$ cat coords.json   # JSON, C-alpha atoms
[["chain", "number", "residue", "atom", "x", "y", "z"],
["A", 1, "MET", "CA", -15.16, -45.76, 41.07],
["A", 2, "SER", "CA", -18.45, -44.93, 42.75],
["A", 3, "GLY", "CA", -21.09, -47.64, 42.69],
["A", 4, "PRO", "CA", -24.85, -47.27, 42.27],
["A", 5, "ALA", "CA", -25.47, -46.99, 46.00],
["A", 6, "PRO", "CA", -23.22, -43.93, 46.62],
["A", 7, "ARG", "CA", -24.56, -42.29, 43.46],
["A", 8, "ALA", "CA", -28.16, -42.82, 44.59],
["A", 9, "SER", "CA", -27.35, -41.38, 48.01],
["A", 10, "ARG", "CA", -25.87, -38.27, 46.39],
["A", 11, "TYR", "CA", -28.99, -37.77, 44.27],
["A", 12, "ALA", "CA", -31.15, -38.26, 47.34],
["A", 13, "LEU", "CA", -29.09, -35.65, 49.22],
["A", 14, "ARG", "CA", -29.51, -33.15, 46.36],
["A", 15, "ALA", "CA", -33.25, -33.75, 46.25],
["A", 16, "ALA", "CA", -33.46, -33.30, 50.01],
["A", 17, "ALA", "CA", -31.55, -30.00, 49.82],
["A", 18, "LEU", "CA", -33.92, -28.71, 47.12],
["A", 19, "ALA", "CA", -36.96, -29.83, 49.11],
["A", 20, "ALA", "CA", -35.62, -28.11, 52.22],
["A", 21, "ALA", "CA", -35.12, -24.85, 50.31],
["A", 22, "LEU", "CA", -38.68, -25.01, 48.94],
["A", 23, "GLY", "CA", -40.03, -25.82, 52.38],
["A", 24, "LEU", "CA", -38.24, -22.86, 53.91],
["A", 25, "TRP", "CA", -39.60, -20.61, 51.14],
["A", 26, "GLN", "CA", -43.13, -21.84, 51.77],
["A", 27, "LEU", "CA", -42.80, -21.36, 55.53],
["A", 28, "LEU", "CA", -41.42, -17.82, 55.37],
["A", 29, "THR", "CA", -43.94, -16.60, 52.80],
["A", 30, "SER", "CA", -46.99, -18.25, 54.36],
["A", 31, "LEU", "CA", -46.16, -16.74, 57.77],
["A", 32, "ASP", "CA", -45.46, -13.28, 56.23],
["A", 33, "VAL", "CA", -42.08, -13.03, 57.92],
["A", 34, "ASP", "CA", -40.69, -9.46, 57.80],
["A", 35, "LEU", "CA", -37.48, -9.32, 59.82],
["A", 36, "TRP", "CA", -35.01, -7.72, 57.45],
["A", 37, "LEU", "CA", -36.11, -9.27, 54.16],
["A", 38, "ARG", "CA", -39.78, -8.78, 53.30],
["A", 39, "PHE", "CA", -41.04, -12.26, 52.59],
["A", 40, "SER", "CA", -44.63, -11.01, 52.89],
["A", 41, "GLN", "CA", -44.23, -9.54, 49.40],
["A", 42, "PHE", "CA", -43.24, -12.92, 47.93],
["A", 43, "PRO", "CA", -45.71, -15.43, 46.49],
["A", 44, "THR", "CA", -45.78, -18.80, 48.15],
["A", 45, "VAL", "CA", -44.54, -21.99, 46.54],
["A", 46, "THR", "CA", -48.12, -23.15, 46.06],
["A", 47, "ASP", "CA", -49.01, -19.90, 44.28],
["A", 48, "VAL", "CA", -46.08, -20.31, 41.90],
["A", 49, "ALA", "CA", -46.91, -23.98, 41.29],
["A", 50, "ARG", "CA", -50.52, -23.07, 40.52],
["A", 51, "ALA", "CA", -49.43, -20.35, 38.09],
["A", 52, "PHE", "CA", -46.95, -22.75, 36.51],
["A", 53, "ALA", "CA", -49.68, -25.33, 35.90],
["A", 54, "ASP", "CA", -51.90, -22.68, 34.30],
["A", 55, "ARG", "CA", -49.06, -21.57, 32.00],
["A", 56, "LEU", "CA", -48.27, -25.12, 30.94],
["A", 57, "ALA", "CA", -51.88, -25.58, 29.86],
["A", 58, "GLY", "CA", -51.75, -22.53, 27.55],
["A", 59, "ALA", "CA", -50.15, -22.08, 24.14],
["A", 60, "ASP", "CA", -48.34, -18.80, 24.92],
["A", 61, "TYR", "CA", -45.89, -20.48, 27.29],
["A", 62, "TRP", "CA", -44.68, -22.93, 24.65],
["A", 63, "THR", "CA", -44.46, -20.18, 22.03],
["A", 64, "ASP", "CA", -42.27, -18.10, 24.35],
["A", 65, "LEU", "CA", -40.16, -21.16, 25.13],
["A", 66, "THR", "CA", -39.63, -21.94, 21.44],
["A", 67, "ASP", "CA", -38.72, -18.33, 20.59],
["A", 68, "SER", "CA", -36.16, -18.03, 23.38],
["A", 69, "LEU", "CA", -34.56, -21.39, 22.55],
["A", 70, "THR", "CA", -34.36, -20.50, 18.86],
["A", 71, "ARG", "CA", -32.63, -17.21, 19.63],
["A", 72, "ILE", "CA", -30.22, -18.85, 22.04],
["A", 73, "LEU", "CA", -29.26, -21.72, 19.75],
["A", 74, "THR", "CA", -28.83, -19.49, 16.70],
["A", 75, "GLY", "CA", -26.64, -16.93, 18.43],
["A", 76, "PHE", "CA", -24.69, -19.51, 20.41],
["A", 77, "LEU", "CA", -23.89, -21.72, 17.41],
["A", 78, "LEU", "CA", -22.67, -18.70, 15.44],
["A", 79, "ALA", "CA", -20.54, -17.64, 18.42],
["A", 80, "ALA", "CA", -19.12, -21.15, 18.79],
["A", 81, "VAL", "CA", -18.04, -21.39, 15.15],
["A", 82, "LEU", "CA", -16.68, -17.85, 14.78],
["A", 83, "GLY", "CA", -15.23, -17.75, 18.30],
["A", 84, "VAL", "CA", -13.20, -20.94, 17.82],
["A", 85, "ALA", "CA", -12.07, -19.88, 14.35],
["A", 86, "GLY", "CA", -11.13, -16.39, 15.56],
["A", 87, "GLY", "CA", -9.31, -17.70, 18.63],
["A", 88, "VAL", "CA", -7.22, -20.13, 16.58],
["A", 89, "LEU", "CA", -6.47, -17.46, 13.99],
["A", 90, "VAL", "CA", -5.37, -14.84, 16.53],
["A", 91, "ALA", "CA", -3.28, -17.39, 18.45],
["A", 92, "ARG", "CA", -1.54, -18.80, 15.36],
["A", 93, "SER", "CA", -1.05, -15.71, 13.20],
["A", 94, "ARG", "CA", 0.85, -12.58, 14.20],
["A", 95, "LEU", "CA", -0.75, -10.64, 11.35],
["A", 96, "ALA", "CA", -4.24, -11.55, 12.56],
["A", 97, "GLU", "CA", -3.30, -10.65, 16.12],
["A", 98, "ASP", "CA", -2.03, -7.23, 15.01],
["A", 99, "LEU", "CA", -5.09, -6.53, 12.84],
["A", 100, "LEU", "CA", -7.89, -7.99, 14.97],
["A", 101, "GLY", "CA", -6.40, -7.99, 18.46],
["A", 102, "PRO", "CA", -6.75, -4.25, 19.28],
["A", 103, "LEU", "CA", -10.32, -4.08, 17.94],
["A", 104, "LEU", "CA", -11.42, -7.18, 19.84],
["A", 105, "GLU", "CA", -9.84, -6.01, 23.08],
["A", 106, "VAL", "CA", -11.61, -2.65, 22.82],
["A", 107, "VAL", "CA", -15.04, -4.19, 22.16],
["A", 108, "ARG", "CA", -14.70, -7.11, 24.60],
["A", 109, "PRO", "CA", -15.19, -5.11, 27.87],
["A", 110, "ILE", "CA", -18.47, -3.64, 26.60],
["A", 111, "PRO", "CA", -21.41, -5.59, 28.09],
["A", 112, "ALA", "CA", -23.48, -7.27, 25.41],
["A", 113, "ILE", "CA", -26.69, -5.88, 26.86],
["A", 114, "ALA", "CA", -25.27, -2.36, 26.35],
["A", 115, "LEU", "CA", -25.30, -3.06, 22.61],
["A", 116, "VAL", "CA", -29.10, -3.20, 22.49],
["A", 117, "PRO", "CA", -29.39, 0.37, 21.07],
["A", 118, "VAL", "CA", -26.78, -0.53, 18.44],
["A", 119, "ALA", "CA", -28.72, -3.66, 17.51],
["A", 120, "ILE", "CA", -31.97, -1.68, 17.22],
["A", 121, "LEU", "CA", -30.31, 0.83, 14.86],
["A", 122, "LEU", "CA", -28.31, -1.75, 12.92],
["A", 123, "PHE", "CA", -30.77, -4.55, 12.20],
["A", 124, "PRO", "CA", -34.14, -4.20, 10.47],
["A", 125, "SER", "CA", -36.00, -6.48, 12.91],
["A", 126, "ASN", "CA", -35.96, -7.04, 16.65],
["A", 127, "GLU", "CA", -35.46, -10.77, 16.11],
["A", 128, "GLN", "CA", -32.13, -10.26, 14.34],
["A", 129, "GLY", "CA", -31.04, -7.76, 16.97],
["A", 130, "ILE", "CA", -31.72, -10.20, 19.82],
["A", 131, "VAL", "CA", -29.77, -12.93, 18.03],
["A", 132, "PHE", "CA", -26.91, -10.44, 17.61],
["A", 133, "ILE", "CA", -26.92, -9.70, 21.34],
["A", 134, "THR", "CA", -26.86, -13.42, 22.11],
["A", 135, "PHE", "CA", -24.02, -13.97, 19.65],
["A", 136, "THR", "CA", -21.95, -11.14, 21.12],
["A", 137, "ALA", "CA", -22.44, -12.42, 24.67],
["A", 138, "ALA", "CA", -21.07, -15.89, 23.84],
["A", 139, "PHE", "CA", -18.48, -14.88, 21.25],
["A", 140, "PHE", "CA", -15.85, -13.32, 23.49],
["A", 141, "PRO", "CA", -15.69, -16.06, 26.17],
["A", 142, "VAL", "CA", -15.23, -18.65, 23.41],
["A", 143, "LEU", "CA", -12.65, -16.53, 21.60],
["A", 144, "VAL", "CA", -10.55, -15.80, 24.68],
["A", 145, "SER", "CA", -10.65, -19.39, 25.97],
["A", 146, "THR", "CA", -9.69, -20.78, 22.55],
["A", 147, "ARG", "CA", -6.84, -18.30, 22.17],
["A", 148, "HIS", "CA", -5.35, -19.16, 25.56],
["A", 149, "ALA", "CA", -5.81, -22.91, 24.99],
["A", 150, "VAL", "CA", -4.01, -22.80, 21.62],
["A", 151, "ARG", "CA", -1.14, -20.74, 23.00],
["A", 152, "ALA", "CA", -0.72, -23.16, 25.91],
["A", 153, "LEU", "CA", -0.08, -26.15, 23.64],
["A", 154, "THR", "CA", 3.38, -27.63, 23.86],
["A", 155, "PRO", "CA", 5.42, -27.13, 20.65],
["A", 156, "VAL", "CA", 6.75, -30.68, 20.84],
["A", 157, "TRP", "CA", 3.53, -32.05, 19.35],
["A", 158, "GLU", "CA", 3.73, -29.71, 16.38],
["A", 159, "GLU", "CA", 7.37, -30.54, 15.82],
["A", 160, "ALA", "CA", 6.53, -34.25, 15.85],
["A", 161, "VAL", "CA", 3.94, -33.79, 13.10],
["A", 162, "LEU", "CA", 6.40, -31.74, 11.05],
["A", 163, "THR", "CA", 9.03, -34.43, 11.48],
["A", 164, "MET", "CA", 6.63, -37.02, 10.05],
["A", 165, "GLY", "CA", 5.95, -34.84, 7.00],
["A", 166, "GLY", "CA", 2.68, -33.24, 8.09],
["A", 167, "GLY", "CA", 1.68, -29.81, 6.81],
["A", 168, "ARG", "CA", -0.15, -26.84, 8.26],
["A", 169, "TRP", "CA", -3.63, -28.35, 7.92],
["A", 170, "ARG", "CA", -2.47, -31.63, 9.43],
["A", 171, "ILE", "CA", -1.13, -29.75, 12.44],
["A", 172, "LEU", "CA", -4.40, -27.86, 12.76],
["A", 173, "GLY", "CA", -6.55, -31.00, 12.61],
["A", 174, "SER", "CA", -4.43, -33.40, 14.66],
["A", 175, "VAL", "CA", -2.68, -31.12, 17.18],
["A", 176, "VAL", "CA", -4.22, -27.65, 17.56],
["A", 177, "LEU", "CA", -7.95, -28.39, 17.62],
["A", 178, "PRO", "CA", -7.82, -31.63, 19.69],
["A", 179, "GLY", "CA", -5.34, -30.14, 22.15],
["A", 180, "ALA", "CA", -7.40, -26.98, 22.61],
["A", 181, "LEU", "CA", -10.75, -28.77, 23.08],
["A", 182, "PRO", "CA", -10.77, -28.64, 26.91],
["A", 183, "GLY", "CA", -10.23, -24.88, 26.85],
["A", 184, "VAL", "CA", -12.75, -24.44, 24.04],
["A", 185, "PHE", "CA", -15.50, -26.20, 26.00],
["A", 186, "GLY", "CA", -14.64, -24.16, 29.06],
["A", 187, "GLY", "CA", -15.39, -21.05, 27.02],
["A", 188, "LEU", "CA", -18.55, -22.61, 25.61],
["A", 189, "SER", "CA", -19.83, -23.38, 29.12],
["A", 190, "VAL", "CA", -19.30, -19.78, 30.17],
["A", 191, "GLY", "CA", -20.72, -18.47, 26.90],
["A", 192, "ILE", "CA", -24.02, -20.35, 27.12],
["A", 193, "GLY", "CA", -24.66, -18.97, 30.60],
["A", 194, "VAL", "CA", -23.90, -15.38, 29.59],
["A", 195, "SER", "CA", -26.06, -15.85, 26.50],
["A", 196, "TRP", "CA", -29.09, -16.66, 28.63],
["A", 197, "ILE", "CA", -28.55, -13.58, 30.78],
["A", 198, "CYS", "CA", -28.31, -11.31, 27.74],
["A", 199, "VAL", "CA", -31.12, -12.83, 25.68],
["A", 200, "ILE", "CA", -33.55, -12.49, 28.59],
["A", 201, "SER", "CA", -32.51, -8.87, 29.10],
["A", 202, "ALA", "CA", -32.82, -8.15, 25.36],
["A", 203, "GLU", "CA", -36.28, -9.71, 25.26],
["A", 204, "MET", "CA", -37.33, -7.52, 28.18],
["A", 205, "ILE", "CA", -36.19, -4.40, 26.33],
["A", 206, "SER", "CA", -37.10, -4.99, 22.70],
["A", 207, "GLY", "CA", -38.70, -8.41, 22.37],
["A", 208, "GLN", "CA", -42.24, -9.27, 21.37],
["A", 209, "TYR", "CA", -42.24, -12.91, 22.45],
["A", 210, "GLY", "CA", -40.00, -15.02, 24.64],
["A", 211, "VAL", "CA", -39.52, -15.96, 28.28],
["A", 212, "GLY", "CA", -37.88, -12.64, 29.13],
["A", 213, "TYR", "CA", -40.63, -10.63, 27.44],
["A", 214, "ARG", "CA", -43.36, -12.57, 29.25],
["A", 215, "THR", "CA", -41.59, -12.21, 32.61],
["A", 216, "TRP", "CA", -41.37, -8.45, 32.19],
["A", 217, "GLN", "CA", -45.02, -8.23, 31.18],
["A", 218, "ASP", "CA", -46.00, -10.14, 34.32],
["A", 219, "TYR", "CA", -44.00, -7.67, 36.40],
["A", 220, "THR", "CA", -45.71, -4.67, 34.81],
["A", 221, "ILE", "CA", -49.17, -6.04, 35.64],
["A", 222, "VAL", "CA", -48.03, -7.03, 39.18],
["A", 223, "ASP", "CA", -48.41, -10.76, 38.54],
["A", 224, "TYR", "CA", -45.66, -11.90, 40.88],
["A", 225, "PRO", "CA", -46.38, -15.66, 40.63],
["A", 226, "GLY", "CA", -46.00, -15.27, 36.85],
["A", 227, "VAL", "CA", -42.68, -13.51, 37.39],
["A", 228, "PHE", "CA", -41.43, -16.47, 39.41],
["A", 229, "VAL", "CA", -42.67, -18.85, 36.73],
["A", 230, "GLY", "CA", -40.45, -17.02, 34.25],
["A", 231, "MET", "CA", -37.50, -17.11, 36.65],
["A", 232, "VAL", "CA", -37.87, -20.85, 37.22],
["A", 233, "THR", "CA", -38.17, -21.43, 33.47],
["A", 234, "ILE", "CA", -35.02, -19.44, 32.78],
["A", 235, "GLY", "CA", -33.11, -21.35, 35.46],
["A", 236, "VAL", "CA", -34.19, -24.75, 34.17],
["A", 237, "LEU", "CA", -33.42, -23.86, 30.55],
["A", 238, "GLY", "CA", -29.99, -22.51, 31.49],
["A", 239, "TRP", "CA", -29.20, -25.63, 33.50],
["A", 240, "LEU", "CA", -30.28, -27.96, 30.70],
["A", 241, "THR", "CA", -28.27, -26.18, 28.01],
["A", 242, "SER", "CA", -25.17, -25.90, 30.20],
["A", 243, "THR", "CA", -25.42, -29.61, 31.03],
["A", 244, "ALA", "CA", -25.74, -30.44, 27.33],
["A", 245, "VAL", "CA", -22.58, -28.48, 26.53],
["A", 246, "GLU", "CA", -20.71, -30.16, 29.38],
["A", 247, "LEU", "CA", -21.79, -33.65, 28.32],
["A", 248, "LEU", "CA", -20.78, -32.95, 24.72],
["A", 249, "GLY", "CA", -17.38, -31.75, 25.93],
["A", 250, "ARG", "CA", -16.88, -34.90, 28.01],
["A", 251, "ARG", "CA", -17.77, -37.10, 25.03],
["A", 252, "LEU", "CA", -15.40, -35.29, 22.67],
["A", 253, "THR", "CA", -12.53, -35.32, 25.18],
["A", 254, "ARG", "CA", -12.79, -38.94, 26.34],
["A", 255, "TRP", "CA", -9.09, -39.37, 25.61],
["A", 256, "LEU", "CA", -8.19, -37.04, 28.49],
["A", 257, "PRO", "CA", -7.14, -38.64, 31.79],
["A", 258, "ARG", "CA", -9.80, -38.10, 34.44],
["A", 259, "THR", "CA", -9.77, -38.47, 38.19],
["A", 260, "SER", "CA", -12.78, -39.33, 40.31],
["A", 261, "TYR", "CA", -12.79, -37.04, 43.33],
["A", 262, "VAL", "CA", -14.72, -38.21, 46.35],
["A", 263, "PRO", "CA", -14.98, -35.49, 49.05],
["A", 264, "GLY", "CA", -13.88, -36.70, 52.47],
["A", 265, "ALA", "CA", -12.31, -39.89, 51.19],
["A", 266, "ARG", "CA", -8.98, -40.92, 52.68],
["A", 267, "LEU", "CA", -6.03, -41.65, 50.54],
["A", 268, "PRO", "CA", -5.05, -45.34, 50.43],
["A", 269, "ARG", "CA", -2.13, -46.39, 52.54],
["A", 270, "ARG", "CA", 1.12, -47.23, 50.88],
["A", 271, "THR", "CA", 1.64, -50.91, 50.45],
["A", 272, "ARG", "CA", 5.36, -50.51, 50.21],
["A", 273, "GLU", "CA", 7.47, -48.79, 52.81],
["A", 274, "ALA", "CA", 9.13, -45.59, 51.77],
["A", 275, "PRO", "CA", 12.85, -45.95, 51.19],
["A", 276, "SER", "CA", 15.12, -44.67, 53.85],
["A", 277, "PRO", "CA", 17.11, -41.49, 53.23],
["A", 278, "ALA", "CA", 20.29, -43.57, 52.95],
["A", 279, "ARG", "CA", 18.84, -45.44, 49.95],
["A", 280, "VAL", "CA", 17.62, -42.33, 48.21],
["A", 281, "GLY", "CA", 20.61, -40.09, 48.68],
["A", 282, "PRO", "CA", 24.04, -40.50, 47.11],
["A", 283, "ARG", "CA", 26.30, -43.25, 48.32],
["A", 284, "PRO", "CA", 28.72, -42.09, 51.03],
["A", 285, "LYS", "CA", 32.27, -41.63, 49.89],
["A", 286, "GLU", "CA", 34.80, -44.13, 51.20],
["A", 287, "ASP", "CA", 37.67, -42.90, 53.31],
["A", 288, "VAL", "CA", 40.80, -42.65, 51.22],
["A", 289, "SER", "CA", 44.08, -42.61, 52.99],
["A", 290, "HIS", "CA", 47.15, -40.59, 51.97],
["A", 291, "ASP", "CA", 49.05, -43.76, 51.01],
["A", 292, "GLN", "CA", 46.34, -44.78, 48.47],
["A", 293, "LEU", "CA", 46.50, -41.38, 46.83],
["A", 294, "VAL", "CA", 50.23, -41.65, 46.47]]
$ encode --input "coords.json" --output "structure tokens"
Amino acid sequence: MSGPAPRASRYALRAAALAAALGLWQLLTSLDVDLWLRFSQFPTVTDVARAFADRLAGADYWTDLTDSLTRILTGFLLAAVLGVAGGVLVARSRLAEDLLGPLLEVVRPIPAIALVPVAILLFPSNEQGIVFITFTAAFFPVLVSTRHAVRALTPVWEEAVLTMGGGRWRILGSVVLPGALPGVFGGLSVGIGVSWICVISAEMISGQYGVGYRTWQDYTIVDYPGVFVGMVTIGVLGWLTSTAVELLGRRLTRWLPRTSYVPGARLPRRTREAPSPARVGPRPKEDVSHDQLV
């Protein structure tokens, strides 16, 4: 188990790596370096920080933040509920797999952002269409991960519940859902990241408010520091939501055995000597003479 000192050193190393990246950005942009990449076209770190401070002081930034978070949470929660339910249903029922499987497999390869024209034609408002895009982006990773996790469960657990008199709902609540939780949260982690990509793209195309809409507007008026403010905001929001999903998954799967991996650490030496091959292998047969056989 890592103590407070190693953990603090790791956080310090991460902060130093981030500071070094920002310092390199500031150096290349302030010197207008144009070797192969054109850093002279980039705003400096100080320009972005100044634009960020101006945005934080205004009301539009917080309105955009609230709109994007509302769209993400609405679409993602719908995808989580329907994706888990659909994955369990397809994995446990042959009829559901035959009816829904071909349709889902045909729609799944279509990028969610490609459904923007469909959402514009299908829904009466842009808000509902953006939520639909967000839902579609997260739905299929959750569905596929849940389906594979349910199918990977060992049948011994289900047979044990049946032996003790449990029914179908008891198996679902005490075997299927708890056993599939690690796979479910793997799909949720992927889904929340894809949702951010698609909601920002949808806001750029058909949104009226939101972080993606504001970032695109800054690009059209050649406000490059504002563009980077939007990019940083998107990155921070994506990191926070992904971390929240991961922490929730760890809390709900505390019963799983976990290993603490420390890179570069040596394995402990064995305190007991390994047995010799003579002890491990079969005992040698004794010589039997012809007289004993007779």
$ atom_distance --input "coords.json" --atom1 "atom CA of Asp67 of chain A" --atom2 "atom CA of Asp47 of chain A"
25.9 Å
$ atom_distance --input "coords.json" --atom1 "atom CA of Asp64 of chain A" --atom2 "atom CA of Val245 of chain A"
22.4 Å
$ atom_distance --input "coords.json" --atom1 "atom CA of Gly83 of chain A" --atom2 "atom CA of Val142 of chain A"
5.2 Å
$ closest_residue --input "coords.json" --among "A:Gly23, A:Val194, A:Phe52, A:Ala202" --to "Val118 of chain A" --atoms "only C-alpha atoms"
A:Ala202
$ residues_near_point --input "coords.json" --point "(-28.9, -20.8, 29.1)" --cutoff "6 Å" --atoms "only C-alpha atoms" --output "mmCIF file with C-alpha atoms, keeping the file's coordinate frame"
data_model
loop_
_atom_site.group_PDB
_atom_site.id
_atom_site.type_symbol
_atom_site.label_atom_id
_atom_site.label_comp_id
_atom_site.auth_asym_id
_atom_site.auth_seq_id
_atom_site.Cartn_x
_atom_site.Cartn_y
_atom_site.Cartn_z
ATOM 1 C CA ILE A 192 -24.020 -20.350 27.120
ATOM 2 C CA GLY A 193 -24.660 -18.970 30.600
ATOM 3 C CA TRP A 196 -29.090 -16.660 28.630
ATOM 4 C CA LEU A 237 -33.420 -23.860 30.550
ATOM 5 C CA GLY A 238 -29.990 -22.510 31.490
ATOM 6 C CA THR A 241 -28.270 -26.180 28.010
#
$ closest_residue --input "coords.json" --among "A:Trp36, A:Leu24, A:Arg50, A:Ser201" --to "Ile113 of chain A" --atoms "only C-alpha atoms"
A:Ser201
$ closest_residue --input "coords.json" --among "A:Pro102, A:Gly235, A:Gly165, A:Gly191" --to "Leu78 of chain A" --atoms "all atoms listed in the file"
A:Gly191
$ closest_residue --input "coords.json" --among "A:Ile72, A:Ala53, A:Ala15, A:Ala149" --to "Glu127 of chain A" --atoms "only C-alpha atoms"
A:Ile72
$ closest_residue --input "coords.json" --among "A:Gly166, A:Gly249, A:Gly210, A:Gly226" --to "Thr66 of chain A" --atoms "only C-alpha atoms"
A:Gly210
$ closest_residue --input "coords.json" --among "A:Val227, A:Trp255, A:Ala160, A:Asp98" --to "Gly179 of chain A" --atoms "only C-alpha atoms"
A:Trp255
$ axis_aligned_box --input "coords.json" --around "segment 226-229 of chain A" --padding-each-side "5 Å" --output "lines of an AutoDock Vina configuration file"
center_x = -43.7
center_y = -16.2
center_z = 38.1
size_x = 14.6
size_y = 15.3
size_z = 12.7
$ residues_around --input "coords.json" --residues "Val229 of chain A" --least-positions-apart "6" --cutoff "8 Å" --atoms "all atoms listed in the file" --output "list in words"
Val48, Ala51, Phe52 and Thr215 of chain A
